[in-house]
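For reference, run_1.txt is printed below; it contains compact mmCIF, C-alpha atoms.
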```txt
# COMPACT_ATOMS: atom_id res chain seq x y z
CA MET V 1 -9.29 -3.19 9.80
CA PRO V 2 -10.77 -4.74 6.61
CA TRP V 3 -9.57 -8.27 7.31
CA VAL V 4 -12.09 -9.84 4.93
CA THR V 5 -10.85 -7.79 1.98
CA LEU V 6 -7.18 -8.40 2.77
CA MET V 7 -7.56 -12.13 3.39
CA SER V 8 -9.69 -12.53 0.27
CA GLY V 9 -7.01 -10.89 -1.84
CA CYS V 10 -4.26 -13.06 -0.34
CA LEU V 11 -6.27 -16.27 -0.74
CA ALA V 12 -7.30 -15.41 -4.32
CA GLY V 13 -3.71 -14.99 -5.45
CA THR V 14 -2.52 -18.08 -3.57
CA THR V 15 -5.34 -20.19 -5.03
CA TYR V 16 -4.45 -18.99 -8.51
CA LEU V 17 -0.85 -20.00 -7.91
CA VAL V 18 -1.85 -23.43 -6.55
CA VAL V 19 -3.84 -24.10 -9.72
CA LEU V 20 -0.89 -23.07 -11.88
CA ALA V 21 1.45 -25.26 -9.81
CA ARG V 22 -0.92 -28.19 -10.27
CA VAL V 23 -0.92 -27.71 -14.02
CA ALA V 24 2.86 -27.27 -14.04
CA GLY V 25 3.27 -30.50 -12.09
CA THR V 26 1.27 -32.54 -14.58
CA SER V 27 3.05 -30.99 -17.56
CA HIS V 28 6.49 -31.14 -15.86
CA ALA V 29 7.09 -27.44 -16.55
CA PRO V 30 8.40 -25.53 -13.51
CA LEU V 31 6.98 -22.12 -12.72
CA GLY V 32 9.16 -19.03 -12.81
CA VAL V 33 9.63 -16.76 -9.84
CA GLY V 34 8.15 -13.89 -11.82
CA ILE V 35 4.68 -15.46 -11.66
CA VAL V 36 4.49 -14.18 -8.07
CA HIS V 37 3.98 -10.71 -9.56
CA LEU V 38 0.58 -11.76 -10.88
CA ALA V 39 -0.31 -13.91 -7.89
CA LEU V 40 0.26 -11.09 -5.40
CA LEU V 41 -1.69 -8.44 -7.33
CA PRO V 42 -5.03 -9.25 -5.59
CA ALA V 43 -3.39 -8.83 -2.18
CA ILE V 44 -1.81 -5.54 -3.26
CA ALA V 45 -5.19 -4.34 -4.50
CA ALA V 46 -6.74 -5.26 -1.14
CA LEU V 47 -3.99 -3.26 0.58
CA ALA V 48 -5.48 -0.08 -0.88
CA PHE V 49 -8.53 -0.53 1.37
CA VAL V 50 -6.51 -1.03 4.56
CA LEU V 51 -6.00 2.67 5.26
CA ARG V 52 -9.71 3.39 5.32
CA ALA V 53 -10.98 3.73 8.91
CA PRO V 54 -14.65 2.64 9.00
CA PHE V 55 -15.36 4.85 12.03
CA ARG V 56 -13.44 7.94 10.89
CA PRO V 57 -15.70 10.51 12.66
CA VAL V 58 -15.18 8.62 15.93
CA THR V 59 -11.41 8.32 15.53
CA GLN V 60 -11.10 12.02 14.71
CA ALA V 61 -12.93 12.88 17.95
CA THR V 62 -10.56 10.84 20.14
CA PRO V 63 -7.50 12.52 21.72
CA VAL V 64 -5.01 10.74 19.43
CA PRO V 65 -3.48 11.87 16.14
CA ASP V 66 -5.44 11.04 13.00
CA TRP V 67 -2.69 8.84 11.57
CA VAL V 68 -2.68 6.28 14.41
CA ALA V 69 -5.53 4.14 13.02
CA PRO V 70 -4.24 3.81 9.42
CA ALA V 71 -0.67 3.30 10.61
CA GLY V 72 -1.86 0.49 12.86
CA HIS V 73 -3.71 -1.06 9.94
CA ILE V 74 -0.54 -1.02 7.84
CA LEU V 75 1.49 -2.63 10.63
CA LEU V 76 -1.10 -5.39 10.96
CA ALA V 77 -1.30 -5.97 7.22
CA GLY V 78 2.48 -6.22 6.77
CA PRO V 79 2.94 -9.68 8.35
CA VAL V 80 -0.06 -11.02 6.43
CA LEU V 81 1.45 -9.94 3.12
CA ALA V 82 4.86 -11.28 4.13
CA VAL V 83 3.41 -14.70 4.96
CA THR V 84 1.46 -14.71 1.69
CA CYS V 85 4.59 -13.92 -0.33
CA TRP V 86 6.55 -16.62 1.51
CA ALA V 87 3.81 -19.21 0.91
CA GLN V 88 3.66 -18.38 -2.79
CA LEU V 89 7.43 -18.67 -3.15
CA ARG V 90 7.28 -22.07 -1.43
CA ILE V 91 4.59 -23.20 -3.87
CA ILE V 92 6.78 -22.20 -6.81
CA ALA V 93 9.82 -23.91 -5.28
CA ARG V 94 7.93 -27.22 -5.16
CA THR V 95 7.44 -27.15 -8.93
CA ILE V 96 11.19 -26.93 -9.64
CA PRO V 97 12.95 -30.33 -9.84
CA PRO V 98 15.93 -30.72 -7.48
CA HIS V 99 18.33 -31.53 -10.32
CA ALA V 100 17.38 -28.28 -12.08
CA LEU V 101 18.78 -26.06 -9.34
CA GLY V 102 22.10 -25.09 -10.87
CA HIS V 103 22.20 -21.37 -10.11
CA PRO V 104 19.23 -20.30 -7.94
CA VAL V 105 17.36 -17.24 -9.09
CA ALA V 106 17.91 -14.19 -6.87
CA VAL V 107 14.79 -13.51 -4.81
CA TYR V 108 15.77 -10.15 -3.31
CA PRO V 109 14.94 -8.15 -6.48
CA LEU V 110 11.47 -9.71 -6.47
CA ILE V 111 10.97 -8.80 -2.81
CA ALA V 112 12.11 -5.23 -3.53
CA GLN V 113 9.68 -4.96 -6.45
CA LEU V 114 6.72 -6.27 -4.45
CA THR V 115 7.61 -3.99 -1.54
CA GLY V 116 7.68 -1.03 -3.92
CA TRP V 117 4.31 -2.00 -5.38
CA CYS V 118 2.78 -2.16 -1.90
CA ALA V 119 4.28 1.20 -0.94
CA VAL V 120 2.98 2.88 -4.10
CA THR V 121 -0.50 1.48 -3.46
CA VAL V 122 -0.52 2.67 0.14
CA ALA V 123 0.66 6.14 -0.90
CA ALA V 124 -2.09 6.38 -3.52
CA ALA V 125 -4.69 5.28 -0.97
CA GLY V 126 -3.40 7.78 1.58
CA TRP V 127 -3.66 10.75 -0.76
CA ALA V 128 -7.05 9.61 -2.05
CA GLY V 129 -8.21 9.50 1.56
CA ARG V 130 -7.37 13.19 2.01
CA SER V 131 -9.58 14.23 -0.90
CA ARG V 132 -13.31 14.72 -0.98
CA TYR V 133 -13.57 11.16 -2.28
CA ALA V 134 -12.24 9.62 0.93
CA ASP V 135 -15.02 7.03 1.02
CA LEU V 136 -13.81 5.76 -2.37
CA GLY V 137 -10.12 5.95 -1.49
CA GLY V 138 -9.43 2.28 -2.13
CA ALA V 139 -11.40 2.18 -5.38
CA VAL V 140 -9.47 5.21 -6.62
CA ALA V 141 -6.06 4.01 -5.40
CA VAL V 142 -6.21 0.58 -7.08
CA PRO V 143 -6.37 1.76 -10.73
CA VAL V 144 -3.99 4.64 -10.04
CA SER V 145 -1.36 2.41 -8.43
CA PHE V 146 -1.76 -0.33 -11.05
CA ALA V 147 -1.35 2.26 -13.81
CA ALA V 148 1.83 3.54 -12.15
CA ILE V 149 3.16 -0.02 -11.79
CA ALA V 150 2.36 -0.83 -15.44
CA LEU V 151 4.02 2.38 -16.57
CA ALA V 152 7.15 1.62 -14.56
CA TRP V 153 7.17 -1.97 -15.82
CA TYR V 154 6.56 -1.49 -19.54
CA ALA V 155 7.78 2.02 -20.36
CA PRO V 156 11.23 1.76 -21.98
CA VAL V 157 12.57 4.71 -20.00
CA THR V 158 11.80 3.22 -16.58
CA ALA V 159 12.19 -0.44 -17.51
CA ARG V 160 15.93 0.08 -17.93
CA PHE V 161 16.21 0.67 -14.18
CA LEU V 162 13.24 -1.21 -12.68
CA VAL V 163 12.99 -4.49 -14.60
CA GLU V 164 15.42 -7.41 -14.68
CA PRO V 165 16.62 -7.73 -17.41
CA PRO V 166 17.82 -5.30 -18.82
CA ALA V 167 18.78 -3.98 -15.38
CA THR V 168 20.88 -6.05 -13.02
CA ALA V 169 19.44 -7.57 -9.87
CA HIS V 170 21.40 -5.17 -7.66
CA ALA V 171 20.26 -2.11 -9.63
CA VAL V 172 16.62 -3.26 -9.57
CA THR V 173 16.75 -3.76 -5.82
CA ILE V 174 18.20 -0.31 -5.16
CA ALA V 175 15.77 1.42 -7.53
CA TRP V 176 12.67 -0.18 -6.02
CA TYR V 177 13.77 0.49 -2.46
CA VAL V 178 14.30 4.15 -3.40
CA ILE V 179 10.73 4.17 -4.74
CA THR V 180 9.57 2.51 -1.52
CA ALA V 181 11.23 5.16 0.63
CA THR V 182 9.73 7.95 -1.48
CA ALA V 183 6.28 6.38 -1.28
CA LEU V 184 6.57 6.06 2.50
CA VAL V 185 7.44 9.75 2.79
CA LEU V 186 4.39 10.62 0.70
CA THR V 187 2.25 8.31 2.82
CA CYS V 188 3.42 10.00 6.02
CA ALA V 189 2.61 13.38 4.49
CA ALA V 190 -0.85 12.15 3.53
CA MET V 191 -1.57 10.78 6.99
CA ARG V 192 -0.32 13.79 8.92
CA ASP V 193 -2.48 15.23 11.67
CA GLN V 194 -5.24 17.50 10.37
CA TRP V 195 -6.08 19.22 13.67
CA HIS V 196 -4.33 22.44 12.54
CA ARG V 197 -7.35 23.13 10.32
CA TYR V 198 -9.59 23.29 13.36
CA THR V 199 -7.06 25.53 15.08
CA ARG V 200 -7.17 28.03 12.24
CA SER V 201 -10.96 27.93 12.22
CA LEU V 202 -11.03 28.61 15.95
CA GLY V 203 -8.60 31.49 15.50
CA ARG V 204 -10.82 33.10 12.89
CA LEU V 205 -13.83 32.56 15.15
CA CYS V 206 -12.14 34.33 18.04
CA SER V 207 -10.85 37.33 16.10
CA PRO V 208 -11.69 40.81 17.48
CA GLN V 209 -13.97 41.61 14.54
CA ARG V 210 -16.53 39.00 15.61
CA SER V 211 -19.91 39.85 17.08
CA PRO V 212 -20.59 39.61 20.84
CA SER V 213 -22.42 36.30 20.39
CA GLN V 214 -19.43 34.81 18.61
CA SER V 215 -17.14 36.18 21.30
CA GLY V 216 -19.22 34.29 23.83
CA ARG V 217 -18.67 31.11 21.89
CA CYS V 218 -14.91 31.80 21.95
CA ARG V 219 -15.04 32.05 25.76
CA ARG V 220 -16.85 28.73 25.92
CA TYR V 221 -14.21 27.11 23.63
CA SER V 222 -11.42 28.47 25.79
```
Encoded form (structure tokens):
Amino acid sequence: MPWVTLMSGCLAGTTYLVVLARVAGTSHAPLGVGIVHLALLPAIAALAFVLRAPFRPVTQATPVPDWVAPAGHILLAGPVLAVTCWAQLRIIARTIPPHALGHPVAVYPLIAQLTGWCAVTVAAAGWAGRSRYADLGGAVAVPVSFAAIALAWYAPVTARFLVEPPATAHAVTIAWYVITATALVLTCAAMRDQWHRYTRSLGRLCSPQRSPSQSGRCRRYS
């Protein structure tokens, strides 16, 4: 589990937000909730490196499915990201004067958006890990996921459904959770067990057309 990378990303974004809150306090200008999008980007980028198992040859040799290690990494990283998001929202709340709280801004669309960003990043890292560039899965997933997020955020076609405004808070929440569910399905497909490849190789090795020496190896495998 790359704890150093994940914690560095969370602390970098939180430190950036603390500096902005300090400046906002001296200038008496409250921060908007949308600034969390920028503050959480380093943590989301660090999430792309969570799926990478540093001892992949060892984990593939153990009698457990190949997806157990990355799935465990995601489960461990989830609470860290949740605490980071909560801390950043608390920092922003301290910059808003009490008398300015007429109608509180809805937070659930923001949580849905950040959840969708994390899911897209994990899906990109999962599919990059299945390629020949598995060692660079995180480095490949970060620009790919950020490009997809920027496209969804700034393209007029998608911004009508994924950005508030013009979309309503309820519509934004539903749209991003649909994206999250789709990304999770793609992540599960990317992390599926790969042992069937070895099974097919063993079947070809044990076919009747093999030489006697190869047939002996089949008997040893069986």
- Task: May I have the residues at most 9 Å from (-0.2, -17.4, -4.5) in the file's coordinates, counting only C-alpha atoms, as a list in words?
- Result: Cys10, Leu11, Ala12, Gly13, Thr14, Thr15, Tyr16, Leu17, Val18, Ile35, Val36, Leu38, Ala39, Leu40, Thr84, Cys85, Ala87, Gln88, Leu89, Ile91 and Ile92 of chain V
Once you have the residues from the selection above, write them out as a PDB file, keeping the file's coordinate frame, restricted to C-alpha atoms.
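Once everything was written out, this is result24.pdb:
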```pdb
ATOM      1  CA  CYS V  10      -4.260 -13.060  -0.340  1.00  0.00           C
ATOM      2  CA  LEU V  11      -6.270 -16.270  -0.740  1.00  0.00           C
ATOM      3  CA  ALA V  12      -7.300 -15.410  -4.320  1.00  0.00           C
ATOM      4  CA  GLY V  13      -3.710 -14.990  -5.450  1.00  0.00           C
ATOM      5  CA  THR V  14      -2.520 -18.080  -3.570  1.00  0.00           C
ATOM      6  CA  THR V  15      -5.340 -20.190  -5.030  1.00  0.00           C
ATOM      7  CA  TYR V  16      -4.450 -18.990  -8.510  1.00  0.00           C
ATOM      8  CA  LEU V  17      -0.850 -20.000  -7.910  1.00  0.00           C
ATOM      9  CA  VAL V  18      -1.850 -23.430  -6.550  1.00  0.00           C
ATOM     10  CA  ILE V  35       4.680 -15.460 -11.660  1.00  0.00           C
ATOM     11  CA  VAL V  36       4.490 -14.180  -8.070  1.00  0.00           C
ATOM     12  CA  LEU V  38       0.580 -11.760 -10.880  1.00  0.00           C
ATOM     13  CA  ALA V  39      -0.310 -13.910  -7.890  1.00  0.00           C
ATOM     14  CA  LEU V  40       0.260 -11.090  -5.400  1.00  0.00           C
ATOM     15  CA  THR V  84       1.460 -14.710   1.690  1.00  0.00           C
ATOM     16  CA  CYS V  85       4.590 -13.920  -0.330  1.00  0.00           C
ATOM     17  CA  ALA V  87       3.810 -19.210   0.910  1.00  0.00           C
ATOM     18  CA  GLN V  88       3.660 -18.380  -2.790  1.00  0.00           C
ATOM     19  CA  LEU V  89       7.430 -18.670  -3.150  1.00  0.00           C
ATOM     20  CA  ILE V  91       4.590 -23.200  -3.870  1.00  0.00           C
ATOM     21  CA  ILE V  92       6.780 -22.200  -6.810  1.00  0.00           C
TER      22      ILE V  92
END
```
- May I ask which of the residues V:Ala71, V:Val33, V:Ala147, V:Ile179 is the closest one to Val50 (chain V), counting all atoms listed in the file?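 That would be V:Ala71, the residue with the smallest distance to Val50 (chain V).
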- Message: Taking (-8.7, 7.9, 2.4) as a centre in this file's frame and 12 Å as the limit, can you find every polymer residue with an atom that close, using all atoms listed in the file, and give them as a PyMOL selection string?
- Response: chain V and resi 48-54+56+66-67+69-70+121-141+187+190-191
- Quote the spacing between CA of Ala24 (chain V) and CA of Arg90 (chain V) in Å to one decimal place.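 So the answer is 14.3 Å.
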- In Å and to one decimal, CA of Ala183 (chain V) is distant from CA of Leu110 (chain V) by 17.7 Å
- Query: Between CA of Thr115 (chain V) and CA of Val172 (chain V), what is the spacing in Å?
  - Reply: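 Calculated distance between CA of Val172 (chain V) and CA of Thr115 (chain V) is 12.1 Å.
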- Message: I'd like the contact shell of Val120 (chain V) - 12 Å cut-off, only C-alpha atoms, skipping same-chain residues fewer than 6 positions apart - returned as an MDAnalysis selection string.
- Response: chainID V and resid 44:45 47:48 113:114 126:127 141:150 152 176:187
Where's the centre, and what are the edge lengths in Å to one decimal, of a box along x, y and z enclosing all listed atoms of region 8-11 of chain V padded 3 Å per side, as AutoDock Vina command-line options?
```
--center_x -7.0 --center_y -13.6 --center_z -0.8 --size_x 11.4 --size_y 11.4 --size_z 8.1
```
- Determine the nearest neighbour of Leu162 (chain V) from the options V:Cys188, V:Pro109, V:Gly9, V:Leu81, counting only C-alpha atoms. V:Pro109
- Task: Would you list the contacts of His28 (chain V) as a ChimeraX atom specification, taking every protein, DNA or RNA residue within 9 Å and counting all atoms listed in the file, but skipping same-chain residues closer than 4 positions in sequence?
- Result: /V:23-24,95-97
Written-out region 127-152 of chain V (N, CA, C and O atoms) as a short mmCIF file (atom, residue, chain, number, x, y, z; two decimals), in the first residue's frame:
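The new file selection08.cif reads:
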```
data_model
loop_
_atom_site.label_atom_id
_atom_site.label_comp_id
_atom_site.auth_asym_id
_atom_site.auth_seq_id
_atom_site.Cartn_x
_atom_site.Cartn_y
_atom_site.Cartn_z
N TRP V 127 -7.23 -0.44 -15.58
CA TRP V 127 -7.03 -0.89 -16.95
C TRP V 127 -5.60 -0.64 -17.42
O TRP V 127 -5.07 -1.40 -18.24
N ALA V 128 -4.95 0.39 -16.90
CA ALA V 128 -3.53 0.58 -17.22
C ALA V 128 -2.68 -0.52 -16.62
O ALA V 128 -1.66 -0.92 -17.19
N GLY V 129 -3.12 -1.04 -15.46
CA GLY V 129 -2.38 -2.13 -14.83
C GLY V 129 -2.48 -3.44 -15.57
O GLY V 129 -1.65 -4.33 -15.36
N ARG V 130 -3.48 -3.61 -16.43
CA ARG V 130 -3.60 -4.84 -17.21
C ARG V 130 -2.81 -4.79 -18.51
O ARG V 130 -2.72 -5.78 -19.22
N SER V 131 -2.26 -3.64 -18.84
CA SER V 131 -1.51 -3.51 -20.08
C SER V 131 -0.05 -3.88 -19.86
O SER V 131 0.37 -4.23 -18.75
N ARG V 132 0.72 -3.76 -20.91
CA ARG V 132 2.15 -4.04 -20.79
C ARG V 132 2.89 -2.95 -20.02
O ARG V 132 4.05 -3.11 -19.67
N TYR V 133 2.20 -1.84 -19.78
CA TYR V 133 2.79 -0.74 -19.02
C TYR V 133 2.27 -0.74 -17.59
O TYR V 133 1.97 0.32 -17.03
N ALA V 134 2.17 -1.91 -17.00
CA ALA V 134 1.62 -2.02 -15.65
C ALA V 134 2.47 -1.30 -14.62
O ALA V 134 1.95 -0.76 -13.64
N ASP V 135 3.79 -1.28 -14.83
CA ASP V 135 4.65 -0.59 -13.88
C ASP V 135 4.43 0.92 -13.89
O ASP V 135 4.78 1.60 -12.93
N LEU V 136 3.88 1.44 -14.96
CA LEU V 136 3.59 2.87 -15.08
C LEU V 136 2.10 3.13 -15.03
O LEU V 136 1.62 4.14 -15.56
N GLY V 137 1.36 2.22 -14.38
CA GLY V 137 -0.10 2.35 -14.36
C GLY V 137 -0.57 3.66 -13.75
O GLY V 137 -1.46 4.33 -14.30
N GLY V 138 0.01 4.06 -12.63
CA GLY V 138 -0.40 5.31 -12.00
C GLY V 138 -0.04 6.52 -12.82
O GLY V 138 -0.84 7.46 -12.96
N ALA V 139 1.16 6.52 -13.40
CA ALA V 139 1.58 7.65 -14.23
C ALA V 139 0.74 7.79 -15.48
O ALA V 139 0.55 8.89 -16.00
N VAL V 140 0.23 6.68 -15.99
CA VAL V 140 -0.65 6.73 -17.16
C VAL V 140 -2.07 7.12 -16.76
O VAL V 140 -2.75 7.87 -17.47
N ALA V 141 -2.53 6.63 -15.61
CA ALA V 141 -3.91 6.86 -15.20
C ALA V 141 -4.17 8.30 -14.80
O ALA V 141 -5.28 8.81 -15.00
N VAL V 142 -3.18 8.99 -14.24
CA VAL V 142 -3.40 10.36 -13.77
C VAL V 142 -3.75 11.30 -14.92
O VAL V 142 -4.80 11.97 -14.88
N PRO V 143 -2.94 11.40 -15.99
CA PRO V 143 -3.35 12.30 -17.08
C PRO V 143 -4.61 11.86 -17.81
O PRO V 143 -5.40 12.70 -18.25
N VAL V 144 -4.82 10.54 -17.92
CA VAL V 144 -6.02 10.06 -18.59
C VAL V 144 -7.27 10.43 -17.80
O VAL V 144 -8.26 10.95 -18.35
N SER V 145 -7.24 10.20 -16.49
CA SER V 145 -8.41 10.52 -15.66
C SER V 145 -8.63 12.02 -15.57
O SER V 145 -9.78 12.50 -15.62
N PHE V 146 -7.56 12.80 -15.46
CA PHE V 146 -7.72 14.26 -15.39
C PHE V 146 -8.26 14.81 -16.71
O PHE V 146 -9.04 15.77 -16.72
N ALA V 147 -7.83 14.22 -17.83
CA ALA V 147 -8.38 14.65 -19.12
C ALA V 147 -9.87 14.33 -19.22
O ALA V 147 -10.66 15.14 -19.72
N ALA V 148 -10.27 13.14 -18.72
CA ALA V 148 -11.69 12.79 -18.73
C ALA V 148 -12.50 13.71 -17.82
O ALA V 148 -13.62 14.13 -18.17
N ILE V 149 -11.93 14.06 -16.66
CA ILE V 149 -12.63 14.97 -15.74
C ILE V 149 -12.77 16.35 -16.36
O ILE V 149 -13.84 16.99 -16.30
N ALA V 150 -11.69 16.85 -16.98
CA ALA V 150 -11.74 18.17 -17.62
C ALA V 150 -12.74 18.19 -18.78
O ALA V 150 -13.47 19.17 -18.97
N LEU V 151 -12.77 17.09 -19.54
CA LEU V 151 -13.72 17.02 -20.64
C LEU V 151 -15.16 17.03 -20.13
O LEU V 151 -16.03 17.72 -20.68
N ALA V 152 -15.41 16.27 -19.07
CA ALA V 152 -16.76 16.25 -18.50
C ALA V 152 -17.13 17.58 -17.86
O ALA V 152 -18.31 17.95 -17.82
#
```
